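Structure file model-v1.cif (mmCIF, C-alpha atoms) follows.
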data_coords
loop_
_atom_site.group_PDB
_atom_site.id
_atom_site.type_symbol
_atom_site.label_atom_id
_atom_site.label_comp_id
_atom_site.auth_asym_id
_atom_site.auth_seq_id
_atom_site.Cartn_x
_atom_site.Cartn_y
_atom_site.Cartn_z
ATOM 1 C CA MET A 1 -4.433 20.586 -5.881
ATOM 2 C CA LYS A 2 -2.881 17.277 -6.927
ATOM 3 C CA GLN A 3 -5.379 15.425 -4.797
ATOM 4 C CA ARG A 4 -8.289 17.280 -6.448
ATOM 5 C CA ASP A 5 -6.898 16.358 -9.871
ATOM 6 C CA ASP A 6 -6.650 12.748 -8.768
ATOM 7 C CA VAL A 7 -10.241 12.737 -7.561
ATOM 8 C CA ARG A 8 -11.381 14.167 -10.896
ATOM 9 C CA LEU A 9 -9.345 11.591 -12.780
ATOM 10 C CA VAL A 10 -10.778 8.739 -10.719
ATOM 11 C CA GLN A 11 -14.298 10.082 -11.211
ATOM 12 C CA SER A 12 -13.910 10.191 -14.981
ATOM 13 C CA VAL A 13 -12.786 6.542 -14.989
ATOM 14 C CA LEU A 14 -15.768 5.645 -12.816
ATOM 15 C CA ASP A 15 -18.024 7.545 -15.203
ATOM 16 C CA GLY A 16 -17.002 5.145 -17.948
ATOM 17 C CA ASP A 17 -13.864 6.635 -19.497
ATOM 18 C CA THR A 18 -11.731 3.567 -18.789
ATOM 19 C CA SER A 19 -8.890 4.782 -20.984
ATOM 20 C CA ARG A 20 -8.118 7.558 -18.478
ATOM 21 C CA PHE A 21 -6.930 4.915 -16.055
ATOM 22 C CA ALA A 22 -3.805 4.860 -18.243
ATOM 23 C CA GLU A 23 -2.996 8.337 -16.867
ATOM 24 C CA ILE A 24 -3.082 6.931 -13.348
ATOM 25 C CA VAL A 25 -0.775 4.098 -14.392
ATOM 26 C CA ARG A 26 1.581 6.546 -16.104
ATOM 27 C CA GLN A 27 1.717 8.905 -13.129
ATOM 28 C CA TYR A 28 2.210 6.311 -10.436
ATOM 29 C CA GLU A 29 3.918 3.305 -12.054
ATOM 30 C CA ARG A 30 7.380 4.348 -10.853
ATOM 31 C CA TYR A 31 6.109 4.928 -7.335
ATOM 32 C CA VAL A 32 4.304 1.569 -7.225
ATOM 33 C CA PHE A 33 7.422 -0.177 -8.552
ATOM 34 C CA ALA A 34 9.459 1.519 -5.807
ATOM 35 C CA VAL A 35 7.051 0.374 -3.082
ATOM 36 C CA VAL A 36 6.877 -3.190 -4.388
ATOM 37 C CA SER A 37 10.663 -3.388 -4.897
ATOM 38 C CA ARG A 38 11.147 -3.154 -1.145
ATOM 39 C CA HIS A 39 9.048 -6.215 -0.502
ATOM 40 C CA VAL A 40 9.710 -8.760 -3.220
ATOM 41 C CA ARG A 41 12.610 -9.935 -5.335
ATOM 42 C CA PRO A 42 13.344 -7.984 -8.542
ATOM 43 C CA GLU A 43 11.962 -10.697 -10.817
ATOM 44 C CA ASP A 44 8.584 -10.567 -9.043
ATOM 45 C CA VAL A 45 8.183 -6.784 -8.952
ATOM 46 C CA GLU A 46 6.498 -6.344 -12.327
ATOM 47 C CA GLU A 47 3.906 -9.023 -11.664
ATOM 48 C CA ILE A 48 2.892 -7.525 -8.315
ATOM 49 C CA ALA A 49 2.900 -3.958 -9.668
ATOM 50 C CA HIS A 50 0.643 -5.094 -12.515
ATOM 51 C CA ASP A 51 -1.611 -6.863 -10.051
ATOM 52 C CA THR A 52 -1.696 -3.700 -7.909
ATOM 53 C CA PHE A 53 -3.038 -1.559 -10.749
ATOM 54 C CA VAL A 54 -5.611 -4.152 -11.829
ATOM 55 C CA HIS A 55 -6.787 -4.444 -8.233
ATOM 56 C CA ALA A 56 -6.854 -0.636 -7.885
ATOM 57 C CA TYR A 57 -9.046 -0.452 -10.974
ATOM 58 C CA GLN A 58 -11.412 -3.048 -9.556
ATOM 59 C CA SER A 59 -11.624 -1.187 -6.235
ATOM 60 C CA LEU A 60 -11.684 2.327 -7.623
ATOM 61 C CA ARG A 61 -15.079 3.041 -6.090
ATOM 62 C CA CYS A 62 -13.498 2.639 -2.656
ATOM 63 C CA TYR A 63 -11.180 5.597 -3.229
ATOM 64 C CA ARG A 64 -12.852 8.540 -1.550
ATOM 65 C CA GLY A 65 -10.195 11.167 -2.056
ATOM 66 C CA GLU A 66 -9.550 11.524 1.673
ATOM 67 C CA ALA A 67 -5.886 10.622 1.230
ATOM 68 C CA PRO A 68 -3.606 11.190 -1.762
ATOM 69 C CA LEU A 69 -4.049 8.583 -4.474
ATOM 70 C CA ARG A 70 -0.403 7.527 -4.118
ATOM 71 C CA HIS A 71 -1.028 6.520 -0.480
ATOM 72 C CA TRP A 72 -4.060 4.528 -1.503
ATOM 73 C CA LEU A 73 -2.065 2.775 -4.240
ATOM 74 C CA ALA A 74 0.806 2.111 -1.812
ATOM 75 C CA THR A 75 -1.619 0.421 0.571
ATOM 76 C CA ILE A 76 -2.928 -1.805 -2.222
ATOM 77 C CA ALA A 77 0.641 -2.592 -3.311
ATOM 78 C CA VAL A 78 1.663 -3.565 0.222
ATOM 79 C CA ARG A 79 -1.378 -5.814 0.638
ATOM 80 C CA ARG A 80 -0.712 -7.455 -2.725
ATOM 81 C CA CYS A 81 2.846 -8.180 -1.581
ATOM 82 C CA TYR A 82 1.461 -9.710 1.593
ATOM 83 C CA ASP A 83 -0.936 -11.893 -0.416
ATOM 84 C CA PHE A 84 1.940 -12.879 -2.664
ATOM 85 C CA TYR A 85 3.948 -14.170 0.284
ATOM 86 C CA ARG A 86 0.982 -15.844 1.871
ATOM 87 C CA THR A 87 -0.148 -17.741 -1.162
ATOM 88 C CA ARG A 88 2.788 -18.218 -3.490
ATOM 89 C CA ALA A 89 6.354 -17.422 -2.531
ATOM 90 C CA ARG A 90 6.639 -19.867 0.323
ATOM 91 C CA ARG A 91 5.277 -22.675 -1.792
ATOM 92 C CA GLU A 92 7.367 -21.954 -4.853
ATOM 93 C CA ARG A 93 10.810 -20.992 -3.677
ATOM 94 C CA SER A 94 12.816 -20.005 -0.681
ATOM 95 C CA PHE A 95 16.099 -18.277 -0.167
ATOM 96 C CA THR A 96 17.806 -21.174 1.510
ATOM 97 C CA GLU A 97 21.180 -20.989 -0.167
ATOM 98 C CA LEU A 98 23.430 -18.094 0.612
ATOM 99 C CA THR A 99 26.436 -17.176 -1.483
ATOM 100 C CA THR A 100 29.738 -17.277 0.398
ATOM 101 C CA ALA A 101 29.957 -13.491 0.300
ATOM 102 C CA ALA A 102 26.571 -13.109 1.954
ATOM 103 C CA ALA A 103 27.316 -15.801 4.506
ATOM 104 C CA ASP A 104 30.601 -14.115 5.332
ATOM 105 C CA PHE A 105 29.074 -10.688 5.658
ATOM 106 C CA HIS A 106 28.173 -11.237 9.304
ATOM 107 C CA ASP A 107 31.803 -12.177 10.057
ATOM 108 C CA THR A 108 32.923 -8.608 9.748
ATOM 109 C CA SER A 109 34.105 -8.214 13.276
ATOM 110 C CA ASP A 110 33.284 -4.662 14.257
ATOM 111 C CA ALA A 111 30.286 -2.494 13.611
ATOM 112 C CA ALA A 112 32.119 0.464 12.134
ATOM 113 C CA ARG A 113 33.729 -1.821 9.600
ATOM 114 C CA ALA A 114 30.430 -3.566 8.870
ATOM 115 C CA ILE A 115 28.714 -0.277 8.183
ATOM 116 C CA GLU A 116 31.654 1.032 6.159
ATOM 117 C CA ASP A 117 31.846 -2.180 4.181
ATOM 118 C CA ALA A 118 28.142 -2.113 3.546
ATOM 119 C CA ARG A 119 28.755 1.050 1.581
ATOM 120 C CA MET A 120 31.039 -0.711 -0.826
ATOM 121 C CA HIS A 121 29.223 -2.183 -3.770
ATOM 122 C CA SER A 122 30.014 -5.881 -3.460
ATOM 123 C CA GLU A 123 29.531 -5.768 0.281
ATOM 124 C CA ARG A 124 26.240 -4.029 -0.211
ATOM 125 C CA GLU A 125 25.076 -6.806 -2.472
ATOM 126 C CA ALA A 126 26.161 -9.373 0.092
ATOM 127 C CA ALA A 127 24.376 -7.451 2.826
ATOM 128 C CA ARG A 128 21.172 -7.313 0.792
ATOM 129 C CA GLU A 129 21.386 -10.998 0.092
ATOM 130 C CA LEU A 130 21.887 -11.731 3.759
ATOM 131 C CA LEU A 131 18.827 -9.628 4.562
ATOM 132 C CA GLN A 132 16.748 -11.474 1.955
ATOM 133 C CA HIS A 133 17.912 -14.771 3.399
ATOM 134 C CA VAL A 134 16.852 -13.790 6.894
ATOM 135 C CA LEU A 135 13.572 -12.220 5.718
ATOM 136 C CA ALA A 136 12.710 -15.437 3.880
ATOM 137 C CA LYS A 137 12.767 -17.284 7.187
ATOM 138 C CA LEU A 138 10.099 -15.026 8.690
ATOM 139 C CA SER A 139 6.363 -15.552 8.445
ATOM 140 C CA PRO A 140 4.641 -13.402 5.796
ATOM 141 C CA GLU A 141 3.176 -11.249 8.600
ATOM 142 C CA ASP A 142 6.535 -10.637 10.289
ATOM 143 C CA ARG A 143 8.190 -10.014 6.959
ATOM 144 C CA MET A 144 5.697 -7.307 6.008
ATOM 145 C CA VAL A 145 6.148 -5.572 9.355
ATOM 146 C CA VAL A 146 9.954 -5.715 9.185
ATOM 147 C CA VAL A 147 10.021 -4.210 5.702
ATOM 148 C CA LEU A 148 7.562 -1.440 6.544
ATOM 149 C CA VAL A 149 8.902 -0.525 9.975
ATOM 150 C CA HIS A 150 12.596 -1.436 9.968
ATOM 151 C CA LEU A 151 13.476 -1.131 6.299
ATOM 152 C CA GLU A 152 11.225 1.662 5.047
ATOM 153 C CA GLU A 153 11.239 3.286 8.496
ATOM 154 C CA ARG A 154 7.522 3.966 8.461
ATOM 155 C CA SER A 155 5.815 4.648 11.765
ATOM 156 C CA VAL A 156 4.051 1.764 13.482
ATOM 157 C CA ARG A 157 0.765 3.608 13.029
ATOM 158 C CA GLU A 158 1.339 4.033 9.298
ATOM 159 C CA ALA A 159 2.332 0.376 8.869
ATOM 160 C CA ALA A 160 -0.757 -0.693 10.809
ATOM 161 C CA ALA A 161 -2.989 1.412 8.569
ATOM 162 C CA MET A 162 -1.409 -0.015 5.420
ATOM 163 C CA LEU A 163 -1.814 -3.592 6.558
ATOM 164 C CA GLY A 164 -5.214 -3.064 8.152
ATOM 165 C CA TRP A 165 -3.915 -4.419 11.471
ATOM 166 C CA SER A 166 -4.005 -2.942 14.975
ATOM 167 C CA VAL A 167 -1.162 -0.720 16.186
ATOM 168 C CA PRO A 168 -0.274 -3.015 19.138
ATOM 169 C CA ASN A 169 -0.156 -6.019 16.807
ATOM 170 C CA VAL A 170 2.320 -4.273 14.497
ATOM 171 C CA LYS A 171 4.350 -2.968 17.433
ATOM 172 C CA VAL A 172 4.730 -6.393 19.020
ATOM 173 C CA ARG A 173 5.479 -8.051 15.681
ATOM 174 C CA ALA A 174 8.102 -5.421 14.803
ATOM 175 C CA PHE A 175 9.908 -6.051 18.088
ATOM 176 C CA ARG A 176 9.672 -9.837 17.981
ATOM 177 C CA ALA A 177 10.557 -10.118 14.298
ATOM 178 C CA ARG A 178 13.704 -8.064 14.756
ATOM 179 C CA LYS A 179 14.699 -10.246 17.670
ATOM 180 C CA LEU A 180 14.088 -13.317 15.536
ATOM 181 C CA MET A 181 16.241 -11.925 12.739
ATOM 182 C CA ARG A 182 19.079 -11.338 15.191
ATOM 183 C CA THR A 183 18.758 -14.943 16.313
ATOM 184 C CA TYR A 184 19.021 -16.156 12.709
ATOM 185 C CA ILE A 185 22.137 -14.063 12.146
ATOM 186 C CA GLU A 186 23.687 -15.424 15.339
ATOM 187 C CA ALA A 187 22.863 -18.966 14.241
ATOM 188 C CA LEU A 188 24.459 -18.303 10.894
ATOM 189 C CA GLU A 189 27.536 -16.991 12.649
ATOM 190 C CA SER A 190 27.814 -20.108 14.819
ATOM 191 C CA GLU A 191 27.340 -22.292 11.774
ATOM 192 C CA ARG A 192 30.135 -20.551 9.917
ATOM 193 C CA THR A 193 32.441 -20.709 12.918
ATOM 194 C CA ALA A 194 31.818 -24.442 13.260
ATOM 195 C CA GLU A 195 32.474 -24.944 9.552
ATOM 196 C CA ARG A 196 35.767 -23.125 9.772
ATOM 197 C CA ALA A 197 37.029 -24.814 12.934
ATOM 198 C CA PRO A 198 38.397 -27.976 11.215
ATOM 199 C CA ASP A 199 40.186 -25.855 8.572
ATOM 200 C CA GLU A 200 41.863 -23.713 11.197
ATOM 201 C CA LYS A 201 42.896 -26.821 13.106
ATOM 202 C CA ASN A 202 44.458 -28.244 9.954
ATOM 203 C CA ASP A 203 46.273 -24.984 9.270
ATOM 204 C CA ARG A 204 47.852 -25.050 12.717
ATOM 205 C CA SER A 205 48.981 -28.672 12.445
ATOM 206 C CA MET B 206 26.056 -13.476 24.678
ATOM 207 C CA LYS B 207 25.541 -9.727 24.913
ATOM 208 C CA LYS B 208 28.463 -9.165 22.575
ATOM 209 C CA THR B 209 27.009 -11.550 19.990
ATOM 210 C CA THR B 210 23.637 -9.831 20.225
ATOM 211 C CA ASP B 211 25.230 -6.408 19.755
ATOM 212 C CA HIS B 212 27.164 -7.713 16.818
ATOM 213 C CA SER B 213 24.159 -9.311 15.120
ATOM 214 C CA ASP B 214 22.218 -6.101 15.767
ATOM 215 C CA GLN B 215 24.899 -4.111 13.991
ATOM 216 C CA VAL B 216 25.054 -6.566 11.107
ATOM 217 C CA LEU B 217 21.281 -6.372 10.782
ATOM 218 C CA ASP B 218 21.380 -2.560 10.790
ATOM 219 C CA ALA B 219 24.084 -2.575 8.128
ATOM 220 C CA ALA B 220 22.092 -5.015 5.985
ATOM 221 C CA LEU B 221 18.949 -2.871 6.341
ATOM 222 C CA ALA B 222 20.926 0.265 5.433
ATOM 223 C CA ALA B 223 22.324 -1.462 2.333
ATOM 224 C CA ALA B 224 18.844 -2.591 1.307
ATOM 225 C CA ARG B 225 17.532 0.968 1.742
ATOM 226 C CA GLU B 226 20.101 2.205 -0.761
ATOM 227 C CA ALA B 227 19.176 -0.386 -3.370
ATOM 228 C CA PRO B 228 17.733 1.285 -6.481
ATOM 229 C CA PRO B 229 14.128 0.211 -7.119
ATOM 230 C CA ARG B 230 13.179 -1.560 -10.327
ATOM 231 C CA THR B 231 11.723 0.715 -12.952
ATOM 232 C CA PRO B 232 8.682 -0.113 -15.103
ATOM 233 C CA PRO B 233 9.668 -1.807 -18.380
ATOM 234 C CA ASP B 234 8.493 -0.520 -21.758
ATOM 235 C CA GLY B 235 4.914 -1.448 -22.481
ATOM 236 C CA PHE B 236 3.957 -1.864 -18.830
ATOM 237 C CA GLU B 237 1.130 0.653 -19.090
ATOM 238 C CA ARG B 238 -0.250 -1.026 -22.224
ATOM 239 C CA ARG B 239 -0.239 -4.436 -20.576
ATOM 240 C CA VAL B 240 -2.056 -3.115 -17.517
ATOM 241 C CA MET B 241 -4.661 -1.465 -19.725
ATOM 242 C CA ASP B 242 -5.140 -4.703 -21.694
ATOM 243 C CA SER B 243 -5.845 -6.570 -18.476
ATOM 244 C CA ILE B 244 -8.193 -3.846 -17.333
ATOM 245 C CA ARG B 245 -10.186 -4.000 -20.550
ATOM 246 C CA THR B 246 -10.572 -7.748 -20.070
ATOM 247 C CA VAL B 247 -11.794 -7.141 -16.528
ATOM 248 C CA SER B 248 -14.202 -4.481 -17.816
ATOM 249 C CA ILE B 249 -15.675 -6.876 -20.364
ATOM 250 C CA ALA B 250 -16.257 -9.450 -17.625
ATOM 251 C CA ARG B 251 -17.855 -6.812 -15.431
ATOM 252 C CA ALA B 252 -20.124 -5.585 -18.158
ATOM 253 C CA GLY B 253 -21.803 -8.974 -18.082
ATOM 254 C CA ALA B 254 -20.796 -10.061 -21.554
ATOM 255 C CA GLY B 255 -21.821 -13.512 -22.684
ATOM 256 C CA VAL B 256 -19.533 -16.417 -21.871
ATOM 257 C CA GLY B 257 -18.727 -16.866 -25.557
ATOM 258 C CA ASP B 258 -17.783 -13.173 -25.938
ATOM 259 C CA LEU B 259 -15.546 -13.417 -22.932
ATOM 260 C CA ILE B 260 -13.768 -16.538 -24.166
ATOM 261 C CA LEU B 261 -13.196 -14.974 -27.567
ATOM 262 C CA GLU B 262 -11.966 -11.697 -26.106
ATOM 263 C CA LEU B 263 -9.628 -13.534 -23.774
ATOM 264 C CA TRP B 264 -8.328 -15.692 -26.586
ATOM 265 C CA ARG B 265 -7.814 -12.608 -28.780
ATOM 266 C CA ARG B 266 -5.787 -10.828 -26.103
ATOM 267 C CA CYS B 267 -3.900 -13.774 -24.711
ATOM 268 C CA VAL B 268 -2.297 -14.876 -27.932
ATOM 269 C CA TYR B 269 -0.539 -17.753 -26.238
ATOM 270 C CA VAL B 270 -3.652 -19.113 -24.593
ATOM 271 C CA SER B 271 -5.793 -21.500 -26.600
ATOM 272 C CA VAL B 272 -9.557 -21.103 -26.902
ATOM 273 C CA ALA B 273 -9.825 -24.369 -24.980
ATOM 274 C CA ALA B 274 -7.771 -22.986 -22.076
ATOM 275 C CA ALA B 275 -9.822 -19.805 -21.960
ATOM 276 C CA GLY B 276 -13.012 -21.853 -22.140
ATOM 277 C CA ALA B 277 -11.775 -24.165 -19.405
ATOM 278 C CA ALA B 278 -11.227 -21.205 -17.075
ATOM 279 C CA VAL B 279 -14.754 -19.989 -17.710
ATOM 280 C CA CYS B 280 -16.274 -23.457 -17.283
ATOM 281 C CA THR B 281 -14.362 -24.130 -14.068
ATOM 282 C CA VAL B 282 -15.948 -21.113 -12.461
ATOM 283 C CA LEU B 283 -19.406 -21.853 -13.748
ATOM 284 C CA LEU B 284 -19.299 -25.515 -12.732
ATOM 285 C CA THR B 285 -17.818 -24.982 -9.276
ATOM 286 C CA GLY B 286 -20.403 -22.315 -8.598
ATOM 287 C CA ALA B 287 -19.371 -18.805 -7.715
ATOM 288 C CA GLY B 288 -20.200 -17.664 -4.215
ATOM 289 C CA GLY B 289 -20.871 -14.041 -5.061
ATOM 290 C CA SER B 290 -20.949 -12.543 -8.481
ATOM 291 C CA VAL B 291 -20.112 -15.043 -11.195
ATOM 292 C CA TRP B 292 -18.292 -12.329 -13.077
ATOM 293 C CA ASP B 293 -16.142 -11.341 -10.138
ATOM 294 C CA GLU B 294 -15.137 -14.951 -9.657
ATOM 295 C CA LEU B 295 -14.472 -15.239 -13.344
ATOM 296 C CA THR B 296 -12.189 -12.246 -13.251
ATOM 297 C CA TYR B 297 -10.088 -13.984 -10.610
ATOM 298 C CA ALA B 298 -10.011 -17.182 -12.645
ATOM 299 C CA LEU B 299 -8.870 -15.280 -15.697
ATOM 300 C CA GLU B 300 -6.029 -13.495 -13.929
ATOM 301 C CA PRO B 301 -3.538 -16.363 -14.269
ATOM 302 C CA LEU B 302 -4.227 -16.481 -18.001
ATOM 303 C CA VAL B 303 -3.641 -12.772 -18.318
ATOM 304 C CA MET B 304 -0.449 -13.176 -16.296
ATOM 305 C CA GLN B 305 0.587 -16.008 -18.576
ATOM 306 C CA GLU B 306 0.205 -13.694 -21.507
ATOM 307 C CA LEU B 307 2.399 -11.085 -19.815
ATOM 308 C CA THR B 308 5.084 -13.630 -19.100
ATOM 309 C CA PHE B 309 5.346 -14.577 -22.744
ATOM 310 C CA LEU B 310 5.097 -11.142 -24.314
#

Can I see the file as structure tokens?
Amino acid sequence: MKQRDDVRLVQSVLDGDTSRFAEIVRQYERYVFAVVSRHVRPEDVEEIAHDTFVHAYQSLRCYRGEAPLRHWLATIAVRRCYDFYRTRARRERSFTELTTAAADFHDTSDAARAIEDARMHSEREAARELLQHVLAKLSPEDRMVVVLVHLEERSVREAAAMLGWSVPNVKVRAFRARKLMRTYIEALESERTAERAPDEKNDRS
Amino acid sequence: MKKTTDHSDQVLDAALAAAREAPPRTPPDGFERRVMDSIRTVSIARAGAGVGDLILELWRRCVYVSVAAAGAAVCTVLLTGAGGSVWDELTYALEPLVMQELTFL
């Protein structure tokens, strides 16, 4: 029923009633913001969400009503995020500096504690920051796959459809990117241990 | 080595779980209006309006963009030669100006 309404709404926009596109924006703006929020930093969400709707308007003829409109918009949003990382984010800024809390997050010595701590607010923030730091080191392609498959827990097939890539490509990237992220966390851990070693030595003497 | 890998795996899982719980950003007031403003600008370009009409419309909407800046965007596209539709290319060239307007409003 909803899908039929969406098709009718899209058709009326295509027939020239541009103002009805506002209904699409109103209905799906929260959803598009939610999708985009997973991929980019909070300060960039509005820009990409805006871009998503403008792009959707420009491509409206491509919507055939075979899938719900929200899925179609989510696909556009994901591809806009990918374009954003390919063309802008890497050039403009990177998440190179970690706060002490985020850098220390990996030091939590056992898993149960790490997971428990992640539930606490400040720890959660630190955990998110750590994740952003590690994600920023990945290529735009790996980053998109990690967010779709490991963070949003979408199936490989679904992620592949959203990105317009092959299933094996996404599968291999998902595996390799996760491995790479582990390596970055391990490197961070070694770095922190090395930094602390002189302090501990001083404390003992 | 195995222990470190297990540990980093668990840290990564915890970080992913924390990120999953993060509340998404919600649309700010006026978001819909701003999108519709941009869409109207795109529609004007698509309708094949004259270059002058487009510059004036853009200048009217983007209150912080000068007529010269709007004109420069149009001229850049026309002088560099658009591969496909001139108007499609123009729409892309105008996007940063529309974005600039959003940033200031």

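When CA of Arg128 (chain A) is paired with CA of Ala224 (chain B), their separation reads 5.3 Å.
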
task: With a distance threshold of 8 Å and counting all atoms listed in the file, extract the residues of chain B near chain A and express them as an NGL selection string.
output: :B and (209-210 or 212-217 or 219-225 or 229-232 or 236-238 or 240-241 or 243-245 or 304)

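Pairwise distance (CA of Arg4 (chain A), CA of Ile76 (chain A)) equals 20.3 Å.
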
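Atom pair CA of Thr75 (chain A) / CA of Lys2 (chain A): separated by 18.5 Å.
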
All file atoms of region 211-216 of chain B boxed axis-aligned, 8 Å per side, centre plus edges, as AutoDock Vina command-line options:
--center_x 24.7 --center_y -6.7 --center_z 15.4 --size_x 20.9 --size_y 21.2 --size_z 24.6

Can you take region 233-249 of chain B from the block and write N, CA and C atoms as a PDB file, in the first residue's frame?
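To be explicit, this is the file written out as selection05.pdb:
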ATOM      1  N   PRO B 233      17.329  19.432  10.973  1.00  0.00           N
ATOM      2  CA  PRO B 233      17.085  20.712  11.645  1.00  0.00           C
ATOM      3  C   PRO B 233      15.858  21.402  11.053  1.00  0.00           C
ATOM      4  N   ASP B 234      15.344  22.395  11.757  1.00  0.00           N
ATOM      5  CA  ASP B 234      14.205  23.160  11.245  1.00  0.00           C
ATOM      6  C   ASP B 234      14.579  23.790   9.906  1.00  0.00           C
ATOM      7  N   GLY B 235      13.646  23.753   8.995  1.00  0.00           N
ATOM      8  CA  GLY B 235      13.876  24.423   7.711  1.00  0.00           C
ATOM      9  C   GLY B 235      14.603  23.548   6.702  1.00  0.00           C
ATOM     10  N   PHE B 236      14.906  22.326   7.074  1.00  0.00           N
ATOM     11  CA  PHE B 236      15.637  21.442   6.150  1.00  0.00           C
ATOM     12  C   PHE B 236      14.834  21.231   4.859  1.00  0.00           C
ATOM     13  N   GLU B 237      13.559  20.913   5.055  1.00  0.00           N
ATOM     14  CA  GLU B 237      12.696  20.651   3.887  1.00  0.00           C
ATOM     15  C   GLU B 237      12.647  21.877   2.950  1.00  0.00           C
ATOM     16  N   ARG B 238      12.524  23.054   3.543  1.00  0.00           N
ATOM     17  CA  ARG B 238      12.449  24.275   2.725  1.00  0.00           C
ATOM     18  C   ARG B 238      13.743  24.461   1.925  1.00  0.00           C
ATOM     19  N   ARG B 239      14.860  24.205   2.571  1.00  0.00           N
ATOM     20  CA  ARG B 239      16.139  24.406   1.881  1.00  0.00           C
ATOM     21  C   ARG B 239      16.306  23.416   0.724  1.00  0.00           C
ATOM     22  N   VAL B 240      15.858  22.178   0.968  1.00  0.00           N
ATOM     23  CA  VAL B 240      15.936  21.186  -0.118  1.00  0.00           C
ATOM     24  C   VAL B 240      15.059  21.644  -1.284  1.00  0.00           C
ATOM     25  N   MET B 241      13.848  22.096  -0.959  1.00  0.00           N
ATOM     26  CA  MET B 241      12.934  22.507  -2.022  1.00  0.00           C
ATOM     27  C   MET B 241      13.461  23.722  -2.785  1.00  0.00           C
ATOM     28  N   ASP B 242      14.150  24.623  -2.087  1.00  0.00           N
ATOM     29  CA  ASP B 242      14.761  25.780  -2.762  1.00  0.00           C
ATOM     30  C   ASP B 242      15.795  25.308  -3.784  1.00  0.00           C
ATOM     31  N   SER B 243      16.618  24.364  -3.357  1.00  0.00           N
ATOM     32  CA  SER B 243      17.646  23.844  -4.268  1.00  0.00           C
ATOM     33  C   SER B 243      16.997  23.163  -5.460  1.00  0.00           C
ATOM     34  N   ILE B 244      15.928  22.431  -5.177  1.00  0.00           N
ATOM     35  CA  ILE B 244      15.256  21.692  -6.243  1.00  0.00           C
ATOM     36  C   ILE B 244      14.622  22.641  -7.265  1.00  0.00           C
ATOM     37  N   ARG B 245      14.085  23.728  -6.785  1.00  0.00           N
ATOM     38  CA  ARG B 245      13.511  24.712  -7.718  1.00  0.00           C
ATOM     39  C   ARG B 245      14.604  25.296  -8.618  1.00  0.00           C
ATOM     40  N   THR B 246      15.769  25.528  -8.023  1.00  0.00           N
ATOM     41  CA  THR B 246      16.885  26.053  -8.831  1.00  0.00           C
ATOM     42  C   THR B 246      17.266  25.039  -9.906  1.00  0.00           C
ATOM     43  N   VAL B 247      17.327  23.776  -9.491  1.00  0.00           N
ATOM     44  CA  VAL B 247      17.651  22.707 -10.450  1.00  0.00           C
ATOM     45  C   VAL B 247      16.590  22.658 -11.544  1.00  0.00           C
ATOM     46  N   SER B 248      15.328  22.800 -11.147  1.00  0.00           N
ATOM     47  CA  SER B 248      14.225  22.735 -12.124  1.00  0.00           C
ATOM     48  C   SER B 248      14.339  23.848 -13.152  1.00  0.00           C
ATOM     49  N   ILE B 249      14.703  25.038 -12.672  1.00  0.00           N
ATOM     50  CA  ILE B 249      14.838  26.179 -13.593  1.00  0.00           C
ATOM     51  C   ILE B 249      15.930  25.872 -14.624  1.00  0.00           C
TER      52      ILE B 249
END
